[in-house]
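*Asks:* I'd like to ask you about the structure that follows.
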Amino acid sequence: MKNKDIDIDISNLPSPAYLVDERLLTKNLETLNYVQEKSGAKILLAQKGFSMHAMYPLVGKYLHGVTSSSLFEARLGFEEMGKEVHVYAPAYVDREFDELLRYSDHMVFNSFDQWSRFKQRVQNAPKQISCGIRVNPEYSEIEVPLYDPCYNFSRMGVTLPNFRPDELDGIDGLHFHTMCEQNSDTLERTLKVVEEKFGQYLHGMKWLNFGGGHHITRPDYDLDTLIKCILHMKQTYNVEIYLEPGEAVALNTGYLVATVLDTMHNGMDIAILDTSAECHMPDVLAMPYRPGIIGAGEPGEFAHTYRLGGMTCLAGDVIGDYSFPEPLKYGDKLIFTDMAHYSMVKNHMFNGVNLPAIASYNEAEGLKVIREFEYSDFSGRLS
């Protein structure tokens, strides 16, 4: 099958399948590298958003490394990309900590108590690890509390009243993360608050990490303001600047190809697919949002409107309502857009529903199926 909005022949692709177009991924990486070249900042891949490590050699050609929030993420970045590994977690697990030290180059602590608890072990590690404290400026423009690290009673970072300047010995930098899918004007306003509250402590630091949530590769993103913000902080405090976008790396680079299994009617037309919002694109329910489908429109825009549902027994496993120029029928392929980030990293096997295959496309190799899953992947994670 070919579609006017996708020039990849997917007729032999397993269904369902995530498909990442390396041409689009490269375009995003080139944009991120432009920011690096113009500002001197170092950009890292936040693996929580995109952990398709088959793409790590490509990502590593442009970015300086990865950020991790767990032992397994740190190990994945260490083994598969082999560049800088930065780690932050709301709390570190004692039994995992020594192994975590083996993979880490930067380690950010969520509280001064944790810094005190682990400080000696970090300083006695076989390699030098740069340490930081995450701060919470108590300023955010995120509208959904689920994604707001500065929401009331947040467990993320140290607020100014709880900051302990007398315990900064051995701390090289500060980290904040206050954004989600936002433009650089939000960053500019956020930095004013960060400076007002924590600027006095940045003098003498080695680095400042702006965290993630920067939608740098979105078409309307203001790169000039981002670069201006980076240069301002570098020049004012003489610190190295890190950014750790996840979504911006893989934004609009991938698809989820699915197939219609059945159609029915219950007050409206319904189509059941071989994919699932609950299992394969959980942010559709958590955010919530309505993903795009190539060739489909809003309800009523085209002649035939359907509610698309998943194949699990969860009643609310509904992807959304869409209209199509022609009636849907068994075997029709639907191509969901922007499915590279926060899909593979968050999917699961509820109901024993299998995971989509993982595939990539580039001009040299064409379409390549990287991984298909089987029963052992389901049974192996249970006991």
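Residues are referred to by chain and number: the chain letter is A, B, ... according to the order shown in the structure tokens, the number counts from 1 in that chain, and ligands are numbered separately from 1 in the order shown.
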Show me, as a PyMOL selection string, the residues that have an atom within 8 Å of range 246-258 of chain A when counting only C-alpha atoms, minus same-chain residues fewer than 3 positions from it.

*Replies:* chain A and resi 15-22+24-25+28-29+32+45-50+181+212-218+273-275+333-342

*Asks:* Just N, CA, C and O atoms for this one: save the residues we selected as a compact mmCIF listing (two decimals), in the first residue's frame.

*Replies:*
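Okay, this is what ended up in out-v6.txt:
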```txt
# COMPACT_ATOMS: atom_id res chain seq x y z
N SER A 15 1.45 -6.18 10.72
CA SER A 15 0.46 -5.29 11.34
C SER A 15 0.02 -5.88 12.67
O SER A 15 -0.29 -7.07 12.74
N PRO A 16 0.02 -5.04 13.71
CA PRO A 16 0.44 -3.63 13.73
C PRO A 16 1.97 -3.52 13.76
O PRO A 16 2.67 -4.48 14.12
N ALA A 17 2.46 -2.32 13.44
CA ALA A 17 3.91 -2.09 13.47
C ALA A 17 4.19 -0.60 13.65
O ALA A 17 3.53 0.24 13.03
N TYR A 18 5.16 -0.31 14.50
CA TYR A 18 5.74 1.04 14.55
C TYR A 18 6.76 1.14 13.43
O TYR A 18 7.58 0.23 13.23
N LEU A 19 6.72 2.25 12.72
CA LEU A 19 7.65 2.46 11.61
C LEU A 19 8.30 3.83 11.77
O LEU A 19 7.59 4.85 11.79
N VAL A 20 9.61 3.87 11.90
CA VAL A 20 10.35 5.12 12.03
C VAL A 20 11.07 5.41 10.71
O VAL A 20 11.80 4.57 10.19
N ASP A 21 10.83 6.60 10.19
CA ASP A 21 11.45 7.05 8.95
C ASP A 21 12.75 7.77 9.31
O ASP A 21 12.72 8.87 9.86
N GLU A 22 13.87 7.17 9.00
CA GLU A 22 15.17 7.73 9.39
C GLU A 22 15.44 9.06 8.70
O GLU A 22 16.21 9.88 9.21
N LEU A 24 13.26 11.46 8.35
CA LEU A 24 12.62 12.46 9.20
C LEU A 24 13.36 12.61 10.52
O LEU A 24 13.50 13.73 11.04
N LEU A 25 13.86 11.50 11.04
CA LEU A 25 14.64 11.55 12.28
C LEU A 25 15.91 12.36 12.06
O LEU A 25 16.30 13.19 12.90
N ASN A 28 15.22 16.08 12.13
CA ASN A 28 15.12 16.59 13.50
C ASN A 28 16.49 16.74 14.14
O ASN A 28 16.78 17.74 14.82
N LEU A 29 17.33 15.74 13.95
CA LEU A 29 18.67 15.78 14.55
C LEU A 29 19.49 16.94 13.98
O LEU A 29 20.28 17.56 14.70
N LEU A 32 18.40 20.03 15.83
CA LEU A 32 18.98 20.05 17.17
C LEU A 32 20.46 20.38 17.12
O LEU A 32 20.99 21.12 17.96
N LEU A 45 19.59 12.98 24.39
CA LEU A 45 18.33 12.28 24.14
C LEU A 45 17.74 11.82 25.47
O LEU A 45 18.38 11.05 26.20
N ALA A 46 16.53 12.25 25.78
CA ALA A 46 15.82 11.74 26.96
C ALA A 46 15.18 10.41 26.57
O ALA A 46 14.21 10.37 25.82
N GLN A 47 15.73 9.34 27.10
CA GLN A 47 15.29 8.01 26.68
C GLN A 47 13.86 7.70 27.12
O GLN A 47 13.23 6.80 26.56
N LYS A 48 13.35 8.44 28.10
CA LYS A 48 11.96 8.20 28.52
C LYS A 48 10.99 8.47 27.38
O LYS A 48 9.87 7.96 27.36
N GLY A 49 11.40 9.28 26.41
CA GLY A 49 10.54 9.60 25.28
C GLY A 49 10.79 8.72 24.07
O GLY A 49 9.88 8.45 23.27
N PHE A 50 12.03 8.27 23.90
CA PHE A 50 12.40 7.52 22.69
C PHE A 50 13.59 6.63 23.02
O PHE A 50 14.69 7.13 23.25
N GLU A 181 6.13 19.98 25.91
CA GLU A 181 5.65 20.32 24.56
C GLU A 181 5.48 21.82 24.38
O GLU A 181 4.51 22.28 23.76
N GLY A 212 13.86 18.88 29.96
CA GLY A 212 13.21 18.56 28.70
C GLY A 212 11.95 19.37 28.49
O GLY A 212 11.73 20.39 29.13
N GLY A 213 11.10 18.88 27.58
CA GLY A 213 9.85 19.57 27.28
C GLY A 213 9.97 20.65 26.23
O GLY A 213 8.99 21.35 25.94
N HIS A 214 11.16 20.81 25.65
CA HIS A 214 11.38 21.84 24.61
C HIS A 214 10.99 21.24 23.26
O HIS A 214 11.62 20.30 22.79
N HIS A 215 9.98 21.79 22.61
CA HIS A 215 9.47 21.25 21.34
C HIS A 215 10.28 21.80 20.17
O HIS A 215 9.72 22.34 19.20
N ILE A 216 11.57 21.62 20.22
CA ILE A 216 12.51 22.32 19.34
C ILE A 216 12.28 22.02 17.87
O ILE A 216 12.50 22.89 17.01
N THR A 217 11.84 20.83 17.54
CA THR A 217 11.70 20.44 16.13
C THR A 217 10.28 20.66 15.59
O THR A 217 10.01 20.27 14.45
N ARG A 218 9.43 21.27 16.37
CA ARG A 218 8.09 21.62 15.89
C ARG A 218 8.22 22.75 14.87
O ARG A 218 9.04 23.66 15.04
N LEU A 273 -9.74 -2.40 15.50
CA LEU A 273 -8.43 -2.53 14.86
C LEU A 273 -7.57 -3.57 15.56
O LEU A 273 -7.87 -4.00 16.67
N ASP A 274 -6.48 -3.94 14.90
CA ASP A 274 -5.54 -4.88 15.52
C ASP A 274 -4.51 -4.16 16.39
O ASP A 274 -3.47 -4.72 16.74
N THR A 275 -4.79 -2.92 16.72
CA THR A 275 -3.96 -2.17 17.66
C THR A 275 -4.83 -1.74 18.83
O THR A 275 -6.02 -2.06 18.88
N LYS A 333 -5.84 -0.84 5.80
CA LYS A 333 -4.72 -0.37 6.60
C LYS A 333 -4.94 1.10 7.00
O LYS A 333 -5.34 1.92 6.18
N LEU A 334 -4.70 1.39 8.26
CA LEU A 334 -4.73 2.76 8.76
C LEU A 334 -3.35 3.11 9.27
O LEU A 334 -2.68 2.30 9.93
N ILE A 335 -2.91 4.34 8.98
CA ILE A 335 -1.56 4.77 9.35
C ILE A 335 -1.68 5.95 10.32
O ILE A 335 -2.01 7.07 9.93
N PHE A 336 -1.42 5.68 11.60
CA PHE A 336 -1.41 6.73 12.62
C PHE A 336 -0.08 7.48 12.55
O PHE A 336 0.98 6.87 12.39
N THR A 337 -0.14 8.80 12.71
CA THR A 337 1.07 9.62 12.59
C THR A 337 1.64 9.99 13.95
O THR A 337 0.95 9.93 14.97
N ASP A 338 2.89 10.41 13.93
CA ASP A 338 3.62 10.87 15.12
C ASP A 338 3.58 9.83 16.24
O ASP A 338 3.23 10.12 17.38
N MET A 339 3.98 8.61 15.91
CA MET A 339 3.91 7.49 16.85
C MET A 339 5.28 6.94 17.23
O MET A 339 5.38 5.80 17.67
N ALA A 340 6.32 7.76 17.10
CA ALA A 340 7.65 7.27 17.48
C ALA A 340 7.93 7.48 18.96
O ALA A 340 8.58 6.66 19.60
N HIS A 341 7.47 8.61 19.51
CA HIS A 341 7.82 8.94 20.90
C HIS A 341 6.68 8.57 21.85
O HIS A 341 5.50 8.62 21.50
N TYR A 342 7.04 8.19 23.06
CA TYR A 342 6.08 7.81 24.10
C TYR A 342 5.09 6.75 23.64
O TYR A 342 3.96 6.69 24.10
```

*Asks:* Extract, using only C-alpha atoms, all DNA, RNA and protein residues at most 10 Å from range 297-313 of chain A, discarding same-chain residues fewer than 6 positions from it, and format them as a ChimeraX atom specification.

*Replies:* /A:260-261,263-265,268-280,319-328,349-353

*Asks:* Could you make a table, as a Markdown table, of the residues of range 117-234 of chain A that have an atom within 12 Å of an atom of range 78-90 of chain A, each with its nearest atom pair and distance in Å to one decimal, counting only C-alpha atoms, in chain and number order?

*Replies:*
```
| residue | atom | partner | partner_atom | distance |
| --- | --- | --- | --- | --- |
| A:Ile129 | CA | A:His86 | CA | 9.6 |
| A:Ser130 | CA | A:His86 | CA | 9.2 |
| A:Cys131 | CA | A:Val87 | CA | 9.6 |
| A:Gly132 | CA | A:Tyr88 | CA | 9.2 |
| A:Ile133 | CA | A:Tyr88 | CA | 9.3 |
| A:Arg134 | CA | A:Tyr88 | CA | 8.4 |
| A:Val135 | CA | A:Pro90 | CA | 11.7 |
| A:Pro149 | CA | A:Pro90 | CA | 11.1 |
| A:Ser154 | CA | A:Pro90 | CA | 10.6 |
| A:Arg155 | CA | A:Pro90 | CA | 7.2 |
| A:Met156 | CA | A:Pro90 | CA | 6.4 |
| A:Gly157 | CA | A:Pro90 | CA | 7.9 |
| A:Val158 | CA | A:Pro90 | CA | 10.8 |
| A:Leu174 | CA | A:Tyr88 | CA | 11.6 |
| A:His175 | CA | A:Tyr88 | CA | 9.3 |
| A:Phe176 | CA | A:Tyr88 | CA | 10.8 |
| A:His177 | CA | A:Tyr88 | CA | 11.0 |
| A:Asn209 | CA | A:His86 | CA | 10.4 |
| A:Gly211 | CA | A:Tyr88 | CA | 10.3 |
```

*Asks:* With N, CA and C atoms retained, could you export that selection as a PDB file, in the first residue's frame?

*Replies:*
```pdb
ATOM      1  N   ILE A 129      32.354  11.380  38.489  1.00  0.00           N
ATOM      2  CA  ILE A 129      30.968  11.626  38.129  1.00  0.00           C
ATOM      3  C   ILE A 129      30.600  13.032  38.580  1.00  0.00           C
ATOM      4  N   SER A 130      30.072  13.826  37.668  1.00  0.00           N
ATOM      5  CA  SER A 130      29.665  15.186  37.990  1.00  0.00           C
ATOM      6  C   SER A 130      28.261  15.154  38.577  1.00  0.00           C
ATOM      7  N   CYS A 131      28.077  15.798  39.722  1.00  0.00           N
ATOM      8  CA  CYS A 131      26.812  15.717  40.445  1.00  0.00           C
ATOM      9  C   CYS A 131      26.066  17.048  40.462  1.00  0.00           C
ATOM     10  N   GLY A 132      24.746  16.947  40.485  1.00  0.00           N
ATOM     11  CA  GLY A 132      23.911  18.136  40.523  1.00  0.00           C
ATOM     12  C   GLY A 132      22.705  17.943  41.416  1.00  0.00           C
ATOM     13  N   ILE A 133      22.007  19.040  41.658  1.00  0.00           N
ATOM     14  CA  ILE A 133      20.763  19.041  42.419  1.00  0.00           C
ATOM     15  C   ILE A 133      19.643  19.535  41.514  1.00  0.00           C
ATOM     16  N   ARG A 134      18.514  18.815  41.525  1.00  0.00           N
ATOM     17  CA  ARG A 134      17.356  19.298  40.785  1.00  0.00           C
ATOM     18  C   ARG A 134      16.606  20.310  41.640  1.00  0.00           C
ATOM     19  N   VAL A 135      16.299  21.455  41.037  1.00  0.00           N
ATOM     20  CA  VAL A 135      15.551  22.489  41.743  1.00  0.00           C
ATOM     21  C   VAL A 135      14.157  22.614  41.134  1.00  0.00           C
ATOM     22  N   PRO A 149       5.656  19.062  36.547  1.00  0.00           N
ATOM     23  CA  PRO A 149       6.568  18.781  37.661  1.00  0.00           C
ATOM     24  C   PRO A 149       6.603  19.867  38.722  1.00  0.00           C
ATOM     25  N   SER A 154       4.486  18.901  44.469  1.00  0.00           N
ATOM     26  CA  SER A 154       5.301  18.075  43.585  1.00  0.00           C
ATOM     27  C   SER A 154       6.459  17.437  44.345  1.00  0.00           C
ATOM     28  N   ARG A 155       6.781  16.209  43.950  1.00  0.00           N
ATOM     29  CA  ARG A 155       7.935  15.508  44.525  1.00  0.00           C
ATOM     30  C   ARG A 155       9.201  15.739  43.709  1.00  0.00           C
ATOM     31  N   MET A 156       9.111  16.573  42.676  1.00  0.00           N
ATOM     32  CA  MET A 156      10.224  16.774  41.754  1.00  0.00           C
ATOM     33  C   MET A 156      11.039  18.010  42.116  1.00  0.00           C
ATOM     34  N   GLY A 157      12.201  17.819  42.692  1.00  0.00           N
ATOM     35  CA  GLY A 157      13.136  18.911  42.884  1.00  0.00           C
ATOM     36  C   GLY A 157      12.990  19.644  44.209  1.00  0.00           C
ATOM     37  N   VAL A 158      14.002  20.475  44.489  1.00  0.00           N
ATOM     38  CA  VAL A 158      14.104  21.217  45.742  1.00  0.00           C
ATOM     39  C   VAL A 158      13.586  22.636  45.529  1.00  0.00           C
ATOM     40  N   LEU A 174      23.112  22.640  38.570  1.00  0.00           N
ATOM     41  CA  LEU A 174      21.701  22.601  38.910  1.00  0.00           C
ATOM     42  C   LEU A 174      20.904  22.126  37.697  1.00  0.00           C
ATOM     43  N   HIS A 175      19.793  21.480  37.980  1.00  0.00           N
ATOM     44  CA  HIS A 175      18.919  20.936  36.950  1.00  0.00           C
ATOM     45  C   HIS A 175      17.493  21.380  37.247  1.00  0.00           C
ATOM     46  N   PHE A 176      16.774  21.826  36.225  1.00  0.00           N
ATOM     47  CA  PHE A 176      15.346  22.063  36.383  1.00  0.00           C
ATOM     48  C   PHE A 176      14.630  21.502  35.174  1.00  0.00           C
ATOM     49  N   HIS A 177      13.396  21.084  35.377  1.00  0.00           N
ATOM     50  CA  HIS A 177      12.562  20.592  34.284  1.00  0.00           C
ATOM     51  C   HIS A 177      11.144  21.023  34.598  1.00  0.00           C
ATOM     52  N   ASN A 209      21.352  22.464  33.663  1.00  0.00           N
ATOM     53  CA  ASN A 209      20.568  21.613  32.768  1.00  0.00           C
ATOM     54  C   ASN A 209      19.146  22.151  32.704  1.00  0.00           C
ATOM     55  N   GLY A 211      16.636  20.720  31.390  1.00  0.00           N
ATOM     56  CA  GLY A 211      15.640  19.660  31.364  1.00  0.00           C
ATOM     57  C   GLY A 211      15.050  19.459  29.982  1.00  0.00           C
TER      58      GLY A 211
END
```

*Asks:* Which neighbours of range 165-171 of chain A fall inside 10 Å, counting only C-alpha atoms, when residues of the same chain fewer than 4 positions from it are skipped, and could you give them as an NGL selection string?

*Replies:* :A and (107-109 or 112-113 or 115-116 or 119 or 122-123 or 130-133 or 201 or 205-207)

*Asks:* I need the alpha helix (DSSP H) residues of range 185-341 of chain A per DSSP on the backbone, written as a PDB file with N, CA and C atoms, in the first residue's frame.

*Replies:*
```
ATOM      1  N   ASP A 185       9.389  30.705  24.205  1.00  0.00           N
ATOM      2  CA  ASP A 185       8.919  31.842  24.993  1.00  0.00           C
ATOM      3  C   ASP A 185       8.609  31.405  26.428  1.00  0.00           C
ATOM      4  N   THR A 186       8.128  30.172  26.589  1.00  0.00           N
ATOM      5  CA  THR A 186       7.912  29.626  27.932  1.00  0.00           C
ATOM      6  C   THR A 186       9.247  29.478  28.661  1.00  0.00           C
ATOM      7  N   LEU A 187      10.251  28.988  27.955  1.00  0.00           N
ATOM      8  CA  LEU A 187      11.580  28.867  28.563  1.00  0.00           C
ATOM      9  C   LEU A 187      12.099  30.230  29.012  1.00  0.00           C
ATOM     10  N   GLU A 188      11.917  31.238  28.181  1.00  0.00           N
ATOM     11  CA  GLU A 188      12.408  32.577  28.504  1.00  0.00           C
ATOM     12  C   GLU A 188      11.778  33.093  29.803  1.00  0.00           C
ATOM     13  N   ARG A 189      10.474  32.891  29.951  1.00  0.00           N
ATOM     14  CA  ARG A 189       9.804  33.315  31.177  1.00  0.00           C
ATOM     15  C   ARG A 189      10.238  32.468  32.370  1.00  0.00           C
ATOM     16  N   THR A 190      10.447  31.182  32.130  1.00  0.00           N
ATOM     17  CA  THR A 190      10.868  30.284  33.206  1.00  0.00           C
ATOM     18  C   THR A 190      12.249  30.650  33.727  1.00  0.00           C
ATOM     19  N   LEU A 191      13.146  30.988  32.814  1.00  0.00           N
ATOM     20  CA  LEU A 191      14.517  31.319  33.220  1.00  0.00           C
ATOM     21  C   LEU A 191      14.565  32.552  34.113  1.00  0.00           C
ATOM     22  N   LYS A 192      13.661  33.478  33.888  1.00  0.00           N
ATOM     23  CA  LYS A 192      13.625  34.658  34.768  1.00  0.00           C
ATOM     24  C   LYS A 192      13.343  34.256  36.208  1.00  0.00           C
ATOM     25  N   VAL A 193      12.458  33.283  36.388  1.00  0.00           N
ATOM     26  CA  VAL A 193      12.144  32.802  37.736  1.00  0.00           C
ATOM     27  C   VAL A 193      13.320  31.997  38.300  1.00  0.00           C
ATOM     28  N   VAL A 194      13.917  31.166  37.460  1.00  0.00           N
ATOM     29  CA  VAL A 194      15.080  30.380  37.904  1.00  0.00           C
ATOM     30  C   VAL A 194      16.203  31.299  38.355  1.00  0.00           C
ATOM     31  N   GLU A 195      16.456  32.342  37.582  1.00  0.00           N
ATOM     32  CA  GLU A 195      17.509  33.292  37.953  1.00  0.00           C
ATOM     33  C   GLU A 195      17.175  34.023  39.249  1.00  0.00           C
ATOM     34  N   GLU A 196      15.938  34.446  39.352  1.00  0.00           N
ATOM     35  CA  GLU A 196      15.531  35.190  40.543  1.00  0.00           C
ATOM     36  C   GLU A 196      15.710  34.355  41.810  1.00  0.00           C
ATOM     37  N   LYS A 197      15.376  33.074  41.714  1.00  0.00           N
ATOM     38  CA  LYS A 197      15.405  32.227  42.901  1.00  0.00           C
ATOM     39  C   LYS A 197      16.755  31.558  43.135  1.00  0.00           C
ATOM     40  N   PHE A 198      17.408  31.108  42.052  1.00  0.00           N
ATOM     41  CA  PHE A 198      18.599  30.277  42.216  1.00  0.00           C
ATOM     42  C   PHE A 198      19.844  30.844  41.539  1.00  0.00           C
ATOM     43  N   GLY A 199      19.722  32.014  40.914  1.00  0.00           N
ATOM     44  CA  GLY A 199      20.855  32.583  40.197  1.00  0.00           C
ATOM     45  C   GLY A 199      22.086  32.772  41.061  1.00  0.00           C
ATOM     46  N   GLN A 200      21.886  33.159  42.324  1.00  0.00           N
ATOM     47  CA  GLN A 200      23.043  33.383  43.205  1.00  0.00           C
ATOM     48  C   GLN A 200      23.866  32.118  43.399  1.00  0.00           C
ATOM     49  N   TYR A 201      23.235  30.952  43.247  1.00  0.00           N
ATOM     50  CA  TYR A 201      23.956  29.698  43.456  1.00  0.00           C
ATOM     51  C   TYR A 201      24.607  29.183  42.176  1.00  0.00           C
ATOM     52  N   LEU A 202      24.250  29.774  41.041  1.00  0.00           N
ATOM     53  CA  LEU A 202      24.843  29.338  39.780  1.00  0.00           C
ATOM     54  C   LEU A 202      26.262  29.849  39.606  1.00  0.00           C
ATOM     55  N   LEU A 223      13.551  29.088  17.298  1.00  0.00           N
ATOM     56  CA  LEU A 223      14.928  28.688  17.592  1.00  0.00           C
ATOM     57  C   LEU A 223      15.766  29.857  18.070  1.00  0.00           C
ATOM     58  N   ASP A 224      15.534  31.029  17.525  1.00  0.00           N
ATOM     59  CA  ASP A 224      16.355  32.188  17.887  1.00  0.00           C
ATOM     60  C   ASP A 224      16.214  32.528  19.372  1.00  0.00           C
ATOM     61  N   THR A 225      14.997  32.444  19.890  1.00  0.00           N
ATOM     62  CA  THR A 225      14.804  32.738  21.314  1.00  0.00           C
ATOM     63  C   THR A 225      15.479  31.689  22.181  1.00  0.00           C
ATOM     64  N   LEU A 226      15.400  30.420  21.765  1.00  0.00           N
ATOM     65  CA  LEU A 226      16.098  29.373  22.513  1.00  0.00           C
ATOM     66  C   LEU A 226      17.597  29.644  22.555  1.00  0.00           C
ATOM     67  N   ILE A 227      18.169  29.949  21.422  1.00  0.00           N
ATOM     68  CA  ILE A 227      19.609  30.211  21.356  1.00  0.00           C
ATOM     69  C   ILE A 227      19.968  31.430  22.215  1.00  0.00           C
ATOM     70  N   LYS A 228      19.133  32.451  22.169  1.00  0.00           N
ATOM     71  CA  LYS A 228      19.355  33.645  22.990  1.00  0.00           C
ATOM     72  C   LYS A 228      19.336  33.283  24.474  1.00  0.00           C
ATOM     73  N   CYS A 229      18.394  32.459  24.883  1.00  0.00           N
ATOM     74  CA  CYS A 229      18.300  32.038  26.288  1.00  0.00           C
ATOM     75  C   CYS A 229      19.551  31.281  26.726  1.00  0.00           C
ATOM     76  N   ILE A 230      20.001  30.376  25.877  1.00  0.00           N
ATOM     77  CA  ILE A 230      21.192  29.592  26.206  1.00  0.00           C
ATOM     78  C   ILE A 230      22.399  30.500  26.365  1.00  0.00           C
ATOM     79  N   LEU A 231      22.598  31.383  25.393  1.00  0.00           N
ATOM     80  CA  LEU A 231      23.767  32.273  25.440  1.00  0.00           C
ATOM     81  C   LEU A 231      23.717  33.199  26.654  1.00  0.00           C
ATOM     82  N   HIS A 232      22.527  33.653  27.001  1.00  0.00           N
ATOM     83  CA  HIS A 232      22.392  34.520  28.185  1.00  0.00           C
ATOM     84  C   HIS A 232      22.863  33.800  29.442  1.00  0.00           C
ATOM     85  N   MET A 233      22.408  32.581  29.637  1.00  0.00           N
ATOM     86  CA  MET A 233      22.778  31.848  30.853  1.00  0.00           C
ATOM     87  C   MET A 233      24.260  31.473  30.849  1.00  0.00           C
ATOM     88  N   LYS A 234      24.775  31.114  29.688  1.00  0.00           N
ATOM     89  CA  LYS A 234      26.204  30.792  29.583  1.00  0.00           C
ATOM     90  C   LYS A 234      27.069  31.999  29.941  1.00  0.00           C
ATOM     91  N   GLN A 235      26.719  33.130  29.384  1.00  0.00           N
ATOM     92  CA  GLN A 235      27.544  34.321  29.562  1.00  0.00           C
ATOM     93  C   GLN A 235      27.381  34.942  30.945  1.00  0.00           C
ATOM     94  N   THR A 236      26.178  34.828  31.514  1.00  0.00           N
ATOM     95  CA  THR A 236      25.926  35.426  32.823  1.00  0.00           C
ATOM     96  C   THR A 236      26.591  34.647  33.942  1.00  0.00           C
ATOM     97  N   TYR A 237      26.574  33.320  33.832  1.00  0.00           N
ATOM     98  CA  TYR A 237      27.033  32.485  34.942  1.00  0.00           C
ATOM     99  C   TYR A 237      28.260  31.636  34.616  1.00  0.00           C
ATOM    100  N   GLU A 247      10.822  14.048  23.267  1.00  0.00           N
ATOM    101  CA  GLU A 247       9.834  14.123  22.199  1.00  0.00           C
ATOM    102  C   GLU A 247      10.376  14.858  20.985  1.00  0.00           C
ATOM    103  N   ALA A 248      11.142  15.928  21.195  1.00  0.00           N
ATOM    104  CA  ALA A 248      11.635  16.716  20.063  1.00  0.00           C
ATOM    105  C   ALA A 248      12.568  15.920  19.163  1.00  0.00           C
ATOM    106  N   VAL A 249      13.222  14.920  19.701  1.00  0.00           N
ATOM    107  CA  VAL A 249      14.116  14.101  18.878  1.00  0.00           C
ATOM    108  C   VAL A 249      13.321  13.298  17.860  1.00  0.00           C
ATOM    109  N   ALA A 250      12.223  12.706  18.315  1.00  0.00           N
ATOM    110  CA  ALA A 250      11.468  11.792  17.448  1.00  0.00           C
ATOM    111  C   ALA A 250      10.145  12.377  16.963  1.00  0.00           C
ATOM    112  N   ALA A 277      -5.351   1.543  21.926  1.00  0.00           N
ATOM    113  CA  ALA A 277      -4.919   2.751  22.627  1.00  0.00           C
ATOM    114  C   ALA A 277      -4.303   2.387  23.970  1.00  0.00           C
ATOM    115  N   GLU A 278      -4.955   1.490  24.698  1.00  0.00           N
ATOM    116  CA  GLU A 278      -4.481   1.081  26.015  1.00  0.00           C
ATOM    117  C   GLU A 278      -3.090   0.470  25.954  1.00  0.00           C
ATOM    118  N   CYS A 279      -2.848  -0.415  25.012  1.00  0.00           N
ATOM    119  CA  CYS A 279      -1.586  -1.165  24.972  1.00  0.00           C
ATOM    120  C   CYS A 279      -0.496  -0.486  24.156  1.00  0.00           C
ATOM    121  N   HIS A 280      -0.856   0.094  23.028  1.00  0.00           N
ATOM    122  CA  HIS A 280       0.156   0.485  22.044  1.00  0.00           C
ATOM    123  C   HIS A 280       0.381   1.984  21.931  1.00  0.00           C
ATOM    124  N   ASP A 283      -0.665   7.095  25.786  1.00  0.00           N
ATOM    125  CA  ASP A 283      -0.859   8.535  26.010  1.00  0.00           C
ATOM    126  C   ASP A 283      -2.143   9.053  25.379  1.00  0.00           C
ATOM    127  N   VAL A 284      -2.717   8.298  24.425  1.00  0.00           N
ATOM    128  CA  VAL A 284      -4.007   8.677  23.860  1.00  0.00           C
ATOM    129  C   VAL A 284      -5.064   8.736  24.965  1.00  0.00           C
ATOM    130  N   LEU A 285      -4.947   7.819  25.931  1.00  0.00           N
ATOM    131  CA  LEU A 285      -5.888   7.808  27.046  1.00  0.00           C
ATOM    132  C   LEU A 285      -5.397   8.652  28.214  1.00  0.00           C
ATOM    133  N   ALA A 286      -4.085   8.727  28.406  1.00  0.00           N
ATOM    134  CA  ALA A 286      -3.547   9.422  29.580  1.00  0.00           C
ATOM    135  C   ALA A 286      -3.486  10.930  29.392  1.00  0.00           C
TER     136      ALA A 286
END
```

*Asks:* Can you tell me which residues surround Arg23 in chain A at a distance of at most 9 Å, considering only C-alpha atoms, apart from same-chain residues fewer than 6 positions away, and format the answer as number ranges by chain?

*Replies:* A: 253, 361-363

*Asks:* For the residues in the current selection, export N, CA, C and O atoms as a PDB file, in the first residue's frame.

*Replies:*
```pdb
ATOM      1  N   THR A 253       8.326  11.654  13.345  1.00  0.00           N
ATOM      2  CA  THR A 253       9.238  10.799  12.572  1.00  0.00           C
ATOM      3  C   THR A 253       8.712   9.384  12.381  1.00  0.00           C
ATOM      4  O   THR A 253       9.326   8.608  11.649  1.00  0.00           O
ATOM      5  N   TYR A 361      12.884   2.769   8.128  1.00  0.00           N
ATOM      6  CA  TYR A 361      13.069   2.969   6.693  1.00  0.00           C
ATOM      7  C   TYR A 361      14.186   3.962   6.468  1.00  0.00           C
ATOM      8  O   TYR A 361      14.248   5.017   7.119  1.00  0.00           O
ATOM      9  N   ASN A 362      15.103   3.630   5.584  1.00  0.00           N
ATOM     10  CA  ASN A 362      16.047   4.602   5.055  1.00  0.00           C
ATOM     11  C   ASN A 362      16.269   4.308   3.581  1.00  0.00           C
ATOM     12  O   ASN A 362      15.917   3.230   3.091  1.00  0.00           O
ATOM     13  N   GLU A 363      16.824   5.267   2.865  1.00  0.00           N
ATOM     14  CA  GLU A 363      16.920   5.133   1.416  1.00  0.00           C
ATOM     15  C   GLU A 363      17.924   4.065   0.999  1.00  0.00           C
ATOM     16  O   GLU A 363      17.773   3.452  -0.067  1.00  0.00           O
TER      17      GLU A 363
END
```

*Asks:* Quick one: DSSP strand (DSSP E or B) residues in range 173-313 of chain A, as a ChimeraX atom specification?

*Replies:* /A:173-175,182,207-209,214,240-243,254-265,269-273,293,297,304-309

*Asks:* For a test of reading the model, state the distance in Å between CA of Ala359 in chain A and CA of Lys27 in chain A, rounded to one decimal.

*Replies:*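 These atoms are spaced 18.3 Å apart.
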
*Asks:* Report the distance between CA of Leu243 in chain A and CA of Arg121 in chain A in Å, rounded to one decimal place.

*Replies:*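 Those two atoms sit 26.6 Å apart.
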